[in-house]
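*Asks:* Here's a structure for you.
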Amino acid sequence: MHSATLKTLAAAAVLTTNVAVAQTEIQWWHAMGGQNTDKINEIAEQFNASQDDYEVVPTYKGNYTETMTGAIAAFRADQQPHIVQVFEVGTATMMAAEGAIRPVHEIMADADTDFDPDAYLPAVKSYYTTPAGRMLSLPFNSSTPVLWYNKDAFERAGLDPEQPPRTWNEVEQAAGALVDSGMECGLSFGWQSWVMVENFSAWHDLPIGTAENGFAGLDTELTFNNDHVVQALERIADMQSDGRFVYGGRRGDSLPMFTNGECGMWMNSSAYLAGIESGADFKFGQTMLPVDTSVTDSPQNSIIGGATLWALAGHPAEDYDGVAAFYNFLSSDAIQYDWHEFTGYVPITQSAYEAARADGHYQRNPGADIAIEQLSLNEPTPNSKGLRFGNFVQIRDVINEEMEAIWSGDKSASEAMDAAVERGNRLLRRFEAAN
C-alpha cells in the first residue's frame, strides 16, 4: 500500500527543462550514515519531484556531534544551511542560541501553513516544545532503546525465543545460558549513557537531575549517582567476569558483535533495524527494556533519542516557505510510514502510526511497535518526559568516560557516578552562567 503511494507521489509532478523561474535551493545537513543516507536522498528526491519551486539538497556531515558542531561554525561564518539535524541532547544548546534559529511554529505561521503540533506523538512532541506548547524543531528520526536478541541463539541455549527476558534478573540468567552454550558474549549495549543512565532512570521513574531534568530551569543539578543506578552498573560490571557482558563502544560500535553472532543480546536503539537486517543471518527479535525489580515492579516509559530538524536563521524570508513545505512533506503519513518501516525509527505522528497498523505492518513484523509501546506506556512524569540539560553533549562524554572506568576496573560504579555528577554539574554551571 505505502510503497505504491510513494511511487505515485514521486511521479506526481511532471518536471520540464523549461522552468521559467529557478528553483530555490534548500540546504539540509544531516548525520544519517549507511543505508539511512540512501533513504535520506530518496526522500529529498521525492520532495523535489513533487513540486517545481524548491530543491532540497541533503548533505551528510558526519555523526551527530560533528554535524551540530559544523553547523554552529558555519553560522558564525555566515555559511549556514537552511536545515540541520541535531540530536536530542543538543536541544538546550539550540534553544539558547537566540537569533540563530527559526522555530517551527514561527516558520509554519509565516508560511500560512496548517500546522498542528498535537498531531505528533506526545512522547515525541513534549521533548521539543516550550512550556506553552510551541514546537521549536521538527521531529524527524525519533527512537528509543530496546533489547534486541538472537532467537536462534536462544533456542540453542535452551531458552524460549518467544519469551525474551523481561527483568534484569532474567537478562542475567539468559546471558549465562548463552555463554554456557558456547557464545563469547551474553549481552552488550551501545550509546551507554542514553541506555543505562538516561533511559534506565526514566524507565524506573528516577530523576536524572533536579528541576524536572532541566525542563524547569537552568539551575538544575545532576542526581543520577543514586543507589539504583550505581547498583545496576555494578551488576553489569560483575557480569564481565565470565563474558555475560562485554563492552563494545560508546555509540553503535558494538553492532557487529550482535550481527556476527558473538553476543546473544544487545541493547540499543530501535533504529538499528536496517543495520541488523542487512548484517544478521539469524532470526532476531526485539523486546522492551528489562525492569530492575529491586527498583519497581512495572516500568514507567522510555525516552526518545534520535534527532530533530532545526531551521537556522539568516536566509531570505521566502526560503523558509520552502522549509515549511518540506517539513509538511516529511510529516506526511506516506513518508513517515516508509521511514519507520525501513529504519525502525518511530513514526512521528499518530496518523502515520495508525496507517502502519491499519496496513498490517505490525502483524507482519512482530515487535516493530515495541518502541512506540515503550514511549507511550504511561503518561510521562517529570522524571520520564526527557531531559533538557545545557552542555549535555559534553556531559554525555563525561558519563561515557566514567562508565568506561567501571568496565576497565579503574573505578567502582559509585566512584564513577559521583565523579560524573561532579564533573557534569560544573558544565551545567558554566552553561547557566553563559545564558
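Following the order of the C-alpha cells, chains are lettered A, B, ..., residues in each are numbered from 1, and ligands are numbered from 1.
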For range 33-43 of chain A, find every residue with an atom within 12 Å (counting only C-alpha atoms), except residues of its own chain fewer than 4 positions away, and show them as a PyMOL selection string.
*Replies:* chain A and resi 6-7+9-10+28-29+47-50+55-64+67+85+140-141+252+271-279+326-327+329-332+334-336+338-345
*Asks:* Which residues come within 7 Å of range 290-301 of chain A, counting only C-alpha atoms, excluding same-chain residues fewer than 2 positions away, as a count of residues only?
*Replies:* 18
*Asks:* Give me the residues near Asn268 in chain A as a PyMOL selection string, where near means some atom within 12 Å (using only C-alpha atoms) and where sequence neighbours in that chain fewer than 6 positions away do not count.
*Replies:* chain A and resi 143-149+187-196+199+248-255+258+275-276+286-289+304-306+344+371
*Asks:* Grab the residues selected above and save them as a short mmCIF file (atom, residue, chain, number, x, y, z; two decimals), in the first residue's frame with N, CA and C atoms.
*Replies:*
data_model
loop_
_atom_site.label_atom_id
_atom_site.label_comp_id
_atom_site.auth_asym_id
_atom_site.auth_seq_id
_atom_site.Cartn_x
_atom_site.Cartn_y
_atom_site.Cartn_z
N SER A 143 13.70 7.63 18.17
CA SER A 143 13.82 6.22 18.51
C SER A 143 13.88 6.09 20.02
N THR A 144 13.96 4.88 20.48
CA THR A 144 14.15 4.61 21.89
C THR A 144 14.90 3.29 22.00
N PRO A 145 15.66 3.06 23.05
CA PRO A 145 16.40 1.80 23.13
C PRO A 145 15.48 0.62 23.41
N VAL A 146 15.82 -0.51 22.81
CA VAL A 146 15.10 -1.76 23.03
C VAL A 146 16.14 -2.86 23.29
N LEU A 147 15.65 -4.02 23.67
CA LEU A 147 16.53 -5.18 23.82
C LEU A 147 16.39 -6.06 22.59
N TRP A 148 17.43 -6.08 21.76
CA TRP A 148 17.49 -6.98 20.60
C TRP A 148 18.04 -8.32 21.08
N TYR A 149 17.52 -9.42 20.51
CA TYR A 149 18.04 -10.73 20.92
C TYR A 149 18.04 -11.70 19.75
N LEU A 187 25.60 -10.39 26.62
CA LEU A 187 24.95 -9.08 26.47
C LEU A 187 25.98 -8.01 26.17
N SER A 188 25.61 -7.09 25.29
CA SER A 188 26.37 -5.86 25.12
C SER A 188 25.37 -4.74 24.90
N PHE A 189 25.86 -3.52 24.86
CA PHE A 189 24.98 -2.39 24.55
C PHE A 189 25.79 -1.25 23.97
N GLY A 190 25.12 -0.31 23.33
CA GLY A 190 25.74 0.89 22.80
C GLY A 190 25.03 2.12 23.32
N TRP A 191 25.57 3.29 22.95
CA TRP A 191 25.03 4.56 23.47
C TRP A 191 24.75 4.41 24.97
N GLN A 192 25.78 4.02 25.71
CA GLN A 192 25.60 3.53 27.07
C GLN A 192 25.04 4.56 28.04
N SER A 193 25.39 5.83 27.90
CA SER A 193 24.79 6.84 28.78
C SER A 193 23.29 6.93 28.53
N TRP A 194 22.91 6.94 27.26
CA TRP A 194 21.50 7.02 26.88
C TRP A 194 20.72 5.80 27.37
N VAL A 195 21.32 4.62 27.22
CA VAL A 195 20.62 3.38 27.57
C VAL A 195 20.63 3.14 29.07
N MET A 196 21.82 3.21 29.70
CA MET A 196 21.96 2.72 31.06
C MET A 196 21.93 3.79 32.15
N ASN A 199 17.90 6.35 30.09
CA ASN A 199 16.68 5.56 29.95
C ASN A 199 16.44 4.62 31.13
N GLY A 248 31.43 -2.88 24.13
CA GLY A 248 31.86 -2.79 22.74
C GLY A 248 31.92 -1.39 22.17
N GLY A 249 31.86 -0.35 23.00
CA GLY A 249 31.99 1.01 22.46
C GLY A 249 30.81 1.90 22.79
N ARG A 250 31.02 3.21 22.57
CA ARG A 250 30.08 4.22 23.05
C ARG A 250 28.82 4.37 22.21
N ARG A 251 28.92 4.26 20.90
CA ARG A 251 27.77 4.55 20.04
C ARG A 251 27.20 3.25 19.51
N GLY A 252 27.33 3.05 18.19
CA GLY A 252 26.85 1.80 17.62
C GLY A 252 27.98 0.85 17.32
N ASP A 253 29.15 1.08 17.93
CA ASP A 253 30.35 0.30 17.63
C ASP A 253 30.15 -1.19 17.86
N SER A 254 29.29 -1.54 18.82
CA SER A 254 29.13 -2.95 19.18
C SER A 254 28.09 -3.67 18.32
N LEU A 255 27.51 -2.99 17.34
CA LEU A 255 26.53 -3.64 16.47
C LEU A 255 27.08 -4.93 15.85
N PHE A 258 26.72 -8.16 17.74
CA PHE A 258 25.42 -8.80 17.71
C PHE A 258 25.16 -9.48 16.36
N GLY A 275 20.35 -1.93 9.87
CA GLY A 275 21.68 -2.50 10.03
C GLY A 275 21.66 -3.95 10.47
N ILE A 276 20.70 -4.29 11.34
CA ILE A 276 20.59 -5.66 11.80
C ILE A 276 20.06 -6.56 10.69
N GLN A 286 13.00 -8.15 18.96
CA GLN A 286 13.22 -7.04 19.87
C GLN A 286 12.12 -7.04 20.92
N THR A 287 12.46 -6.62 22.10
CA THR A 287 11.51 -6.59 23.20
C THR A 287 11.79 -5.38 24.07
N MET A 288 10.91 -5.14 25.02
CA MET A 288 11.05 -3.96 25.87
C MET A 288 12.29 -4.05 26.76
N LEU A 289 12.73 -2.90 27.20
CA LEU A 289 13.83 -2.83 28.15
C LEU A 289 13.49 -3.63 29.41
N ILE A 304 13.00 9.32 24.31
CA ILE A 304 13.45 9.24 22.93
C ILE A 304 14.92 9.60 22.78
N GLY A 305 15.44 9.08 21.70
CA GLY A 305 16.73 9.53 21.18
C GLY A 305 16.50 9.96 19.75
N GLY A 306 17.55 9.97 18.98
CA GLY A 306 17.39 10.43 17.60
C GLY A 306 17.59 11.92 17.51
N GLY A 344 13.29 1.60 11.48
CA GLY A 344 12.99 1.27 12.86
C GLY A 344 12.77 2.49 13.73
N ALA A 371 9.01 -0.03 20.23
CA ALA A 371 9.50 1.30 20.59
C ALA A 371 8.34 2.25 20.89
#
*Asks:* Enter the distance from CA of Lys411 in chain A to CA of Gly90 in chain A, in Å, rounded to one decimal.
*Replies:* 28.6 Å
*Asks:* Please extract the residues of range 284-331 of chain A with a backbone DSSP assignment of strand (DSSP E) and present them as number ranges by chain.
*Replies:* A: 284-287, 305-312
*Asks:* Using N, CA and C atoms, can you export the residues from the last selection as a compact mmCIF listing (two decimals), in the first residue's frame?
*Replies:*
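Result saved to out.txt:
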# COMPACT_ATOMS: atom_id res chain seq x y z
N PHE A 284 16.00 -12.84 14.59
CA PHE A 284 16.18 -11.96 15.74
C PHE A 284 14.85 -11.35 16.13
N GLY A 285 14.80 -10.82 17.32
CA GLY A 285 13.60 -10.15 17.81
C GLY A 285 13.98 -8.95 18.63
N GLN A 286 13.00 -8.15 18.96
CA GLN A 286 13.22 -7.04 19.87
C GLN A 286 12.12 -7.04 20.92
N THR A 287 12.46 -6.62 22.10
CA THR A 287 11.51 -6.59 23.20
C THR A 287 11.79 -5.38 24.07
N GLY A 305 15.44 9.08 21.70
CA GLY A 305 16.73 9.53 21.18
C GLY A 305 16.50 9.96 19.75
N GLY A 306 17.55 9.97 18.98
CA GLY A 306 17.39 10.43 17.60
C GLY A 306 17.59 11.92 17.51
N ALA A 307 16.89 12.54 16.58
CA ALA A 307 17.17 13.95 16.32
C ALA A 307 15.96 14.66 15.72
N THR A 308 16.06 15.97 15.71
CA THR A 308 15.05 16.81 15.05
C THR A 308 15.75 17.71 14.03
N LEU A 309 14.93 18.38 13.25
CA LEU A 309 15.45 19.30 12.25
C LEU A 309 15.25 20.73 12.73
N TRP A 310 16.34 21.45 12.85
CA TRP A 310 16.31 22.84 13.26
C TRP A 310 16.54 23.73 12.04
N ALA A 311 15.73 24.75 11.90
CA ALA A 311 15.91 25.72 10.83
C ALA A 311 16.81 26.84 11.35
N LEU A 312 17.85 27.15 10.62
CA LEU A 312 18.77 28.20 11.02
C LEU A 312 18.39 29.52 10.36
*Asks:* How close does each residue of range 186-291 of chain A get to range 386-408 of chain A, giving the shortest atom pair and distance in Å to one decimal for every residue with an atom at most 8 Å away, counting only C-alpha atoms, sorted by chain and residue number, as CSV?
*Replies:*
residue,atom,partner,partner_atom,distance
A:Gln192,CA,A:Asn400,CA,7.0
A:Ser193,CA,A:Asn400,CA,6.1
A:Ala202,CA,A:Gly386,CA,7.7
A:Ile208,CA,A:Leu387,CA,7.8
A:Glu212,CA,A:Leu387,CA,7.8
A:Asn213,CA,A:Leu387,CA,4.9
A:Gly214,CA,A:Arg388,CA,4.8
A:Phe215,CA,A:Arg388,CA,5.5
A:Leu218,CA,A:Phe389,CA,7.6
A:Thr220,CA,A:Phe389,CA,7.7
A:Ala237,CA,A:Trp407,CA,5.9
A:Gln240,CA,A:Trp407,CA,7.9
A:Tyr247,CA,A:Trp407,CA,7.3
A:Arg250,CA,A:Asn400,CA,6.9
*Asks:* Which distance in Å separates CA of Ala325 in chain A and CA of Leu138 in chain A, to one decimal?
*Replies:* 12.3 Å
*Asks:* Using only C-alpha atoms, which of A:Met267, A:Val104, A:Ala31, A:Ile370 sits nearest Gly133 in chain A?
*Replies:* A:Val104
*Asks:* Out of A:Lys125, A:His82, A:Lys151, A:Arg156, which residue has the shortest atom-to-atom distance to Asp281 in chain A when counting only C-alpha atoms?
*Replies:*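 When distances to Asp281 in chain A are compared using only C-alpha atoms, the smallest one comes from A:Lys151.
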*Asks:* Using the chain letters and numbers from this document, which residues of range 272-311 of chain A does DSSP assign to helix (DSSP H, G or I), as number ranges by chain?
*Replies:* A: 272-279
*Asks:* Quick one: pull the distance between CA of Val84 in chain A and CA of Asn425 in chain A, Å, one decimal.
*Replies:*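 Interatomic distance, CA of Val84 in chain A to CA of Asn425 in chain A: 28.0 Å.
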